[in-house]
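Colleague: Compact mmCIF, C-alpha atoms and all ligand atoms, saved as protein.txt, coming up:
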```
# COMPACT_ATOMS: atom_id res chain seq x y z
CA MET A 1353 -4.14 -2.26 -15.75
CA GLU A 1354 -2.49 1.07 -16.41
CA VAL A 1355 1.30 1.21 -16.13
CA VAL A 1356 2.92 4.62 -15.69
CA ILE A 1357 6.69 4.70 -16.05
CA VAL A 1358 8.29 7.77 -14.50
CA ALA A 1359 11.84 9.11 -14.37
CA THR A 1360 12.13 9.25 -10.58
CA PRO A 1361 10.15 8.21 -7.48
CA GLN A 1362 9.53 11.90 -6.81
CA VAL A 1363 7.82 12.37 -10.19
CA GLY A 1364 5.68 9.29 -9.58
CA ALA A 1365 4.88 10.34 -6.03
CA GLN A 1366 3.75 13.75 -7.25
CA LEU A 1367 1.34 12.15 -9.73
CA VAL A 1368 -0.11 9.92 -7.04
CA ALA A 1369 -0.35 12.76 -4.53
CA GLU A 1370 -2.28 14.83 -7.10
CA SER A 1371 -4.59 11.92 -7.71
CA ILE A 1372 -5.28 11.65 -3.97
CA GLU A 1373 -5.90 15.39 -3.74
CA GLU A 1374 -8.30 15.24 -6.66
CA LEU A 1375 -10.18 12.43 -4.94
CA VAL A 1376 -10.41 14.31 -1.64
CA ARG A 1377 -11.41 17.56 -3.32
CA GLY A 1378 -14.35 15.79 -4.94
CA LYS A 1379 -15.12 13.67 -1.88
CA PRO A 1380 -13.99 15.32 1.37
CA GLY A 1381 -14.89 12.21 3.38
CA ALA A 1382 -12.85 9.90 1.15
CA VAL A 1383 -11.54 6.66 2.60
CA LEU A 1384 -7.82 6.25 2.00
CA GLY A 1385 -5.99 2.94 2.08
CA LEU A 1386 -2.50 3.56 3.42
CA ALA A 1387 0.61 1.46 2.95
CA THR A 1388 3.84 1.25 4.89
CA GLY A 1389 7.38 0.40 3.81
CA SER A 1390 9.69 2.93 2.19
CA THR A 1391 7.92 3.02 -1.19
CA PRO A 1392 4.94 5.29 -0.34
CA LEU A 1393 7.01 7.76 1.72
CA PRO A 1394 7.57 10.20 -1.18
CA VAL A 1395 3.79 10.28 -1.70
CA TYR A 1396 3.24 11.23 1.94
CA ASP A 1397 6.00 13.84 1.69
CA ALA A 1398 4.40 15.28 -1.46
CA LEU A 1399 1.00 15.52 0.23
CA VAL A 1400 2.51 17.22 3.27
CA ALA A 1401 4.45 19.68 1.09
CA SER A 1402 1.52 20.38 -1.20
CA GLN A 1403 0.19 23.89 -1.46
CA ALA A 1404 -3.11 22.64 -2.90
CA GLY A 1405 -4.93 23.34 0.35
CA VAL A 1406 -6.76 20.02 0.48
CA SER A 1407 -8.10 19.11 3.91
CA PHE A 1408 -7.98 15.53 5.21
CA ALA A 1409 -10.06 16.38 8.26
CA GLN A 1410 -13.11 14.46 7.08
CA CYS A 1411 -11.18 11.58 5.51
CA SER A 1412 -10.59 8.30 7.18
CA ALA A 1413 -7.67 5.98 6.57
CA PHE A 1414 -7.18 2.24 6.86
CA ALA A 1415 -3.79 0.59 7.10
CA LEU A 1416 -3.10 -2.54 5.11
CA ASP A 1417 -1.48 -4.42 7.91
CA GLU A 1418 0.10 -4.47 11.36
CA TYR A 1419 2.69 -6.53 13.18
CA VAL A 1420 1.48 -8.86 15.90
CA GLY A 1421 2.89 -8.31 19.34
CA LEU A 1422 4.77 -5.04 19.01
CA ALA A 1423 3.95 -2.71 21.87
CA PRO A 1424 1.42 -0.08 20.70
CA ASP A 1425 3.99 2.66 21.22
CA HIS A 1426 6.76 0.75 19.42
CA PRO A 1427 8.11 3.15 16.77
CA GLU A 1428 7.96 0.46 14.08
CA SER A 1429 4.37 -0.59 14.69
CA TYR A 1430 2.58 0.35 11.48
CA ARG A 1431 0.17 2.54 13.42
CA ALA A 1432 3.12 4.56 14.75
CA VAL A 1433 4.74 4.66 11.30
CA LEU A 1434 1.62 5.89 9.54
CA ARG A 1435 1.03 8.57 12.15
CA ARG A 1436 4.65 9.72 12.03
CA GLU A 1437 5.01 9.62 8.24
CA PHE A 1438 1.62 10.92 7.22
CA THR A 1439 -1.49 11.38 9.29
CA ASP A 1440 0.04 13.49 12.08
CA ARG A 1441 1.70 15.67 9.43
CA VAL A 1442 -1.64 16.52 7.83
CA ASN A 1443 -4.95 17.17 9.56
CA LEU A 1444 -6.07 13.54 9.67
CA SER A 1445 -7.01 12.75 13.23
CA PRO A 1446 -5.68 9.54 14.87
CA ASP A 1447 -9.33 8.72 15.61
CA ARG A 1448 -9.86 8.38 11.88
CA LEU A 1449 -6.81 6.20 11.30
CA PHE A 1450 -7.67 2.52 11.56
CA THR A 1451 -5.08 -0.23 11.87
CA PRO A 1452 -5.59 -3.94 12.54
CA ASP A 1453 -5.30 -4.69 16.24
CA GLY A 1454 -1.99 -6.52 16.50
CA TRP A 1455 -2.47 -6.87 20.27
CA ALA A 1456 -5.92 -8.45 20.22
CA GLU A 1457 -6.47 -11.51 22.38
CA ASP A 1458 -9.17 -12.74 20.04
CA VAL A 1459 -7.43 -12.48 16.69
CA PRO A 1460 -10.26 -13.79 14.45
CA ALA A 1461 -12.69 -11.34 16.09
CA ALA A 1462 -10.26 -8.45 15.61
CA CYS A 1463 -9.83 -9.36 11.95
CA ALA A 1464 -13.58 -9.63 11.38
CA ASP A 1465 -14.03 -6.29 13.13
CA TYR A 1466 -11.47 -4.67 10.82
CA GLU A 1467 -13.28 -5.94 7.72
CA GLN A 1468 -16.54 -4.68 9.17
CA ARG A 1469 -15.09 -1.22 9.84
CA ILE A 1470 -13.86 -0.92 6.26
CA GLN A 1471 -17.31 -1.83 4.99
CA ALA A 1472 -19.05 0.51 7.45
CA ALA A 1473 -16.86 3.36 6.20
CA GLY A 1474 -18.15 2.68 2.70
CA GLY A 1475 -15.07 0.84 1.46
CA VAL A 1476 -11.68 2.19 0.45
CA ASP A 1477 -11.68 4.77 -2.34
CA LEU A 1478 -7.99 4.71 -3.14
CA GLN A 1479 -5.62 2.02 -1.91
CA LEU A 1480 -1.89 2.72 -2.00
CA LEU A 1481 0.29 -0.37 -2.31
CA GLY A 1482 3.96 -1.16 -2.30
CA VAL A 1483 5.10 -4.59 -3.35
CA GLY A 1484 7.44 -7.02 -1.63
CA THR A 1485 10.33 -8.54 -3.55
CA ASP A 1486 8.32 -11.78 -3.53
CA GLY A 1487 5.17 -10.06 -4.85
CA HIS A 1488 3.45 -9.68 -1.51
CA ILE A 1489 0.91 -6.89 -1.08
CA GLY A 1490 0.05 -5.83 2.43
CA PHE A 1491 1.53 -8.85 4.14
CA ASN A 1492 -0.12 -11.37 1.85
CA GLU A 1493 2.80 -13.65 1.29
CA PRO A 1494 2.95 -16.13 -1.61
CA THR A 1495 0.23 -18.80 -1.32
CA SER A 1496 -2.23 -16.28 0.12
CA SER A 1497 -5.69 -16.94 -1.28
CA LEU A 1498 -6.51 -14.38 -3.92
CA SER A 1499 -9.90 -13.89 -2.26
CA SER A 1500 -8.57 -13.75 1.30
CA VAL A 1501 -9.82 -11.27 3.90
CA THR A 1502 -8.11 -9.77 6.97
CA ARG A 1503 -6.39 -12.48 8.97
CA ILE A 1504 -3.15 -13.47 10.69
CA LYS A 1505 -0.20 -14.43 8.50
CA THR A 1506 3.31 -15.75 9.08
CA LEU A 1507 6.05 -13.73 7.38
CA THR A 1508 8.54 -15.43 5.11
CA ASP A 1509 12.22 -15.32 6.05
CA GLN A 1510 12.82 -13.13 2.99
CA THR A 1511 10.29 -10.52 4.14
CA ARG A 1512 11.70 -10.54 7.64
CA ARG A 1513 15.18 -10.01 6.23
CA ASP A 1514 13.88 -7.23 3.95
CA ASN A 1515 12.23 -5.49 6.92
CA ALA A 1516 15.12 -5.98 9.36
CA ARG A 1517 16.42 -2.56 8.34
CA PHE A 1518 13.60 -1.06 10.39
CA PHE A 1519 14.67 -3.13 13.41
CA ASP A 1520 18.36 -2.26 13.82
CA ASP A 1521 19.20 -4.79 11.07
CA ASP A 1522 18.36 -7.57 13.52
CA VAL A 1523 16.07 -10.16 11.89
CA ALA A 1524 15.32 -11.64 15.30
CA LEU A 1525 13.55 -8.42 16.25
CA VAL A 1526 11.16 -8.55 13.26
CA PRO A 1527 7.87 -10.10 14.39
CA GLN A 1528 7.00 -13.42 12.79
CA HIS A 1529 3.28 -12.77 12.63
CA VAL A 1530 1.15 -9.98 11.24
CA LEU A 1531 -2.48 -9.10 10.66
CA THR A 1532 -3.13 -8.08 7.09
CA GLN A 1533 -6.00 -7.15 4.86
CA GLY A 1534 -6.51 -10.01 2.46
CA VAL A 1535 -5.94 -9.91 -1.27
CA GLY A 1536 -9.73 -10.01 -1.61
CA THR A 1537 -10.05 -7.04 0.76
CA ILE A 1538 -7.56 -5.06 -1.30
CA LEU A 1539 -9.36 -5.92 -4.53
CA ARG A 1540 -12.55 -4.35 -3.17
CA ALA A 1541 -11.01 -0.86 -3.13
CA GLN A 1542 -12.36 1.42 -5.86
CA HIS A 1543 -8.91 2.31 -7.18
CA VAL A 1544 -5.69 0.48 -6.40
CA VAL A 1545 -2.36 2.23 -6.97
CA LEU A 1546 0.73 0.06 -6.71
CA LEU A 1547 4.10 1.82 -6.55
CA ALA A 1548 7.57 0.38 -7.02
CA TRP A 1549 10.98 2.02 -7.19
CA GLY A 1550 14.42 0.59 -7.96
CA ALA A 1551 15.93 -2.41 -9.70
CA GLY A 1552 15.25 -4.70 -6.75
CA LYS A 1553 11.53 -4.52 -7.53
CA ALA A 1554 11.86 -5.17 -11.29
CA PRO A 1555 11.15 -8.93 -11.13
CA ALA A 1556 8.13 -8.39 -8.85
CA VAL A 1557 6.77 -5.65 -11.10
CA ALA A 1558 7.10 -7.81 -14.23
CA ALA A 1559 5.40 -10.72 -12.47
CA THR A 1560 2.63 -8.41 -11.18
CA VAL A 1561 1.82 -6.85 -14.52
CA GLU A 1562 2.72 -9.44 -17.14
CA GLY A 1563 3.01 -12.74 -15.33
CA PRO A 1564 0.22 -15.26 -14.86
CA ILE A 1565 -2.31 -14.59 -12.10
CA THR A 1566 -1.06 -16.85 -9.37
CA LEU A 1567 -1.14 -17.08 -5.62
CA LEU A 1568 2.64 -17.43 -5.78
CA VAL A 1569 2.67 -13.72 -6.69
CA PRO A 1570 -0.19 -12.17 -4.72
CA SER A 1571 0.21 -8.80 -6.48
CA SER A 1572 -0.69 -10.49 -9.79
CA ALA A 1573 -4.28 -10.53 -8.52
CA LEU A 1574 -4.41 -6.82 -9.42
CA GLN A 1575 -4.83 -7.97 -13.02
CA LEU A 1576 -8.40 -8.78 -12.00
CA HIS A 1577 -9.08 -5.26 -10.72
CA PRO A 1578 -11.05 -2.90 -12.98
CA HIS A 1579 -9.04 0.17 -11.91
CA ALA A 1580 -5.48 -0.71 -11.02
CA THR A 1581 -2.62 1.70 -11.68
CA VAL A 1582 1.02 0.69 -11.42
CA VAL A 1583 3.47 3.58 -11.04
CA VAL A 1584 7.10 2.59 -11.42
CA ASP A 1585 10.42 4.25 -12.04
CA GLU A 1586 12.70 3.25 -14.93
CA GLU A 1587 14.66 0.72 -12.86
CA ALA A 1588 11.57 -1.02 -11.54
CA ALA A 1589 10.15 -1.09 -15.10
CA ALA A 1590 13.30 -2.68 -16.53
CA GLN A 1591 11.84 -6.18 -16.98
CA LEU A 1592 8.49 -5.17 -18.49
CA GLN A 1593 8.12 -6.61 -21.99
CA LEU A 1594 5.56 -4.04 -23.10
CA ALA A 1595 7.23 -0.96 -21.60
CA ALA A 1596 7.21 0.90 -24.94
CA TYR A 1597 3.48 0.32 -25.26
CA TYR A 1598 2.76 1.54 -21.71
CA ARG A 1599 4.73 4.73 -22.42
CA GLU A 1600 2.80 5.29 -25.64
CA VAL A 1601 -0.56 4.80 -23.96
CA TYR A 1602 0.29 7.14 -21.10
CA ALA A 1603 1.76 9.81 -23.40
CA GLY A 1604 -1.47 9.82 -25.40
CA LYS A 1605 -3.74 10.10 -22.39
CA PRO A 1606 -5.76 13.31 -22.04
CA SER A 1607 -4.30 15.38 -19.20
CA TRP A 1608 -7.71 15.77 -17.52
CA GLN A 1609 -8.03 12.04 -17.04
CA GLY A 1610 -5.79 11.56 -13.99
CA LEU A 1611 -4.49 8.18 -12.91
C1 LIG A 1701 6.19 -4.49 3.91
C2 LIG A 1701 4.77 -3.97 3.90
C3 LIG A 1701 4.23 -3.90 2.49
C4 LIG A 1701 5.24 -3.20 1.60
C5 LIG A 1701 6.52 -3.99 1.56
C6 LIG A 1701 7.56 -3.37 0.65
O1 LIG A 1701 6.26 -5.85 3.86
N1 LIG A 1701 3.88 -4.74 4.68
O2 LIG A 1701 3.00 -3.19 2.49
O3 LIG A 1701 4.72 -3.06 0.30
O4 LIG A 1701 7.02 -4.01 2.89
O5 LIG A 1701 8.38 -2.50 1.38
P1 LIG A 1701 9.23 -1.34 0.79
O6 LIG A 1701 8.25 -0.35 0.25
O7 LIG A 1701 10.00 -0.80 1.92
O8 LIG A 1701 10.07 -1.93 -0.28
```
Once more with this new file: its structure as structure tokens, please.
Ligand code: GLP
Modeller:
Amino acid sequence: MEVVIVATPQVGAQLVAESIEELVRGKPGAVLGLATGSTPLPVYDALVASQAGVSFAQCSAFALDEYVGLAPDHPESYRAVLRREFTDRVNLSPDRLFTPDGWAEDVPAACADYEQRIQAAGGVDLQLLGVGTDGHIGFNEPTSSLSSVTRIKTLTDQTRRDNARFFDDDVALVPQHVLTQGVGTILRAQHVVLLAWGAGKAPAVAATVEGPITLLVPSSALQLHPHATVVVDEEAAAQLQLAAYYREVYAGKPSWQGL
């Protein structure tokens, strides 16, 4: 696992945006794995602002997760968020943005269909990830199987409280159930890039990178991935025991190598 410690979220976001552009330049039909939450927003902003001239027209994108039961046009449905924050701001057509169907009557069939679509697209090339304060990735809450696939999950109270800020600070408005790619689904992406900013994420980052692999911290499963990159700012890196080593490794990396 590579750990990149940056001065600010903007610096980290720029690195990740460049990595995405490099991928798409080499593979115009790349499959992007998109994340929601506030963490990836600077990456989307950097891609939108970029002058690199990379086209997303042939890319497709898969969301990690979706709330169950929010009206399709609800502004906080993850489909709406991803369109608003990223895909509609670049030339990535809504037809090429896939999100789990949080309104499906047959939930297991919808989840199986989502897995099948990811596979049919050739799998995800680069998966962006934030991390919950409890170590969740996507909406894989603690006790999620580390080989799980897309399925329905129940959110913890903590996650609902964390996400209430998107729902007028009213926890009661945050859906209880979600559809999420599984930890196993996420691990099948070619390259996984987990981002974390701020002191509030420091315990989750330390547990992800240096803690034991455990279903109590779903993000710790990334330790099993052959190409996982963790990009964190100073505050989020504060509890890493080997921070000095990660800095040394990154400083000595050839500039052509990318993330
Ligand atoms: C939600 C999303 C996760 C995200 C997490 C962290 O629960 N489903 O994908 O990583 O929030 O959110 P934030 O980036 O806002 O801290």
Colleague: Go through A:Leu1567, A:Ala1382, A:Val1526, A:Val1583 one by one, measure the shortest atom-to-atom distance of each to Glu1493 in chain A using all atoms listed in the file, and give the residue with the smallest value.
Modeller: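 Checking each of A:Leu1567, A:Ala1382, A:Val1526, A:Val1583 against Glu1493 in chain A, counting all atoms listed in the file, the winner is A:Leu1567.
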Colleague: Counting only C-alpha atoms and all ligand atoms, which protein, DNA or RNA residues come within 10 Å of ligand LIG 1701 (chain A), given as number ranges by chain?
Modeller: A: 1386-1393, 1415-1419, 1430, 1480-1493, 1507-1508, 1510-1512, 1514-1515, 1517-1518, 1530-1532, 1546-1550, 1552-1553, 1571
Colleague: Taking only C-alpha atoms into account, which of A:Leu1449, A:Val1358, A:Leu1367, A:Ala1432 comes nearest Ser1607 in chain A?
Modeller: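 Closest residue, counting only C-alpha atoms: A:Leu1367.
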Colleague: Mind checking which residues fall within 12 Å of Ala1423 in chain A, counting all atoms listed in the file, ignoring those fewer than 2 positions away in the same chain, and posting them as an NGL selection string?
Modeller: :A and (1418-1421 or 1425-1432 or 1453-1456 or 1527)
Colleague: Could you list, as a list in words, every residue within 10 Å of Phe1408 in chain A, counting all atoms listed in the file and ignoring same-chain residues fewer than 5 positions away?
Modeller: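 Result of the neighbour search: Glu1373, Val1376, Arg1377, Pro1380, Gly1381, Ala1382, Val1383, Leu1384, Ala1413, Thr1439, Val1442, Asn1443, Leu1444, Ser1445 and Arg1448 of chain A.
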Colleague: Got a sec to check which residues sit within 9 Å of (-7.8, 1.2, -5.7), counting all atoms listed in the file, and write them as an MDAnalysis selection string?
Modeller: chainID A and resid 1385 1476:1481 1538:1546 1577:1581
Colleague: Find the residue from A:Gly1563, A:Pro1424, A:Pro1452, A:Pro1606 that sits nearest to Gly1534 in chain A; use all atoms listed in the file when measuring.
Modeller: A:Pro1452
Colleague: Smallest atom-to-atom distance to Cys1411 in chain A: which of A:Ile1372, A:Val1355, A:Ala1524, A:Leu1498, using only C-alpha atoms?
Modeller: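 Checking each candidate against Cys1411 in chain A, we get A:Ile1372 as the closest.
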Colleague: Please indicate the distance in Å from CA of Lys1605 in chain A to CA of Thr1537 in chain A, rounded to one decimal place.
Modeller: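 Answer for the CA of Lys1605 in chain A to CA of Thr1537 in chain A separation: 29.5 Å.
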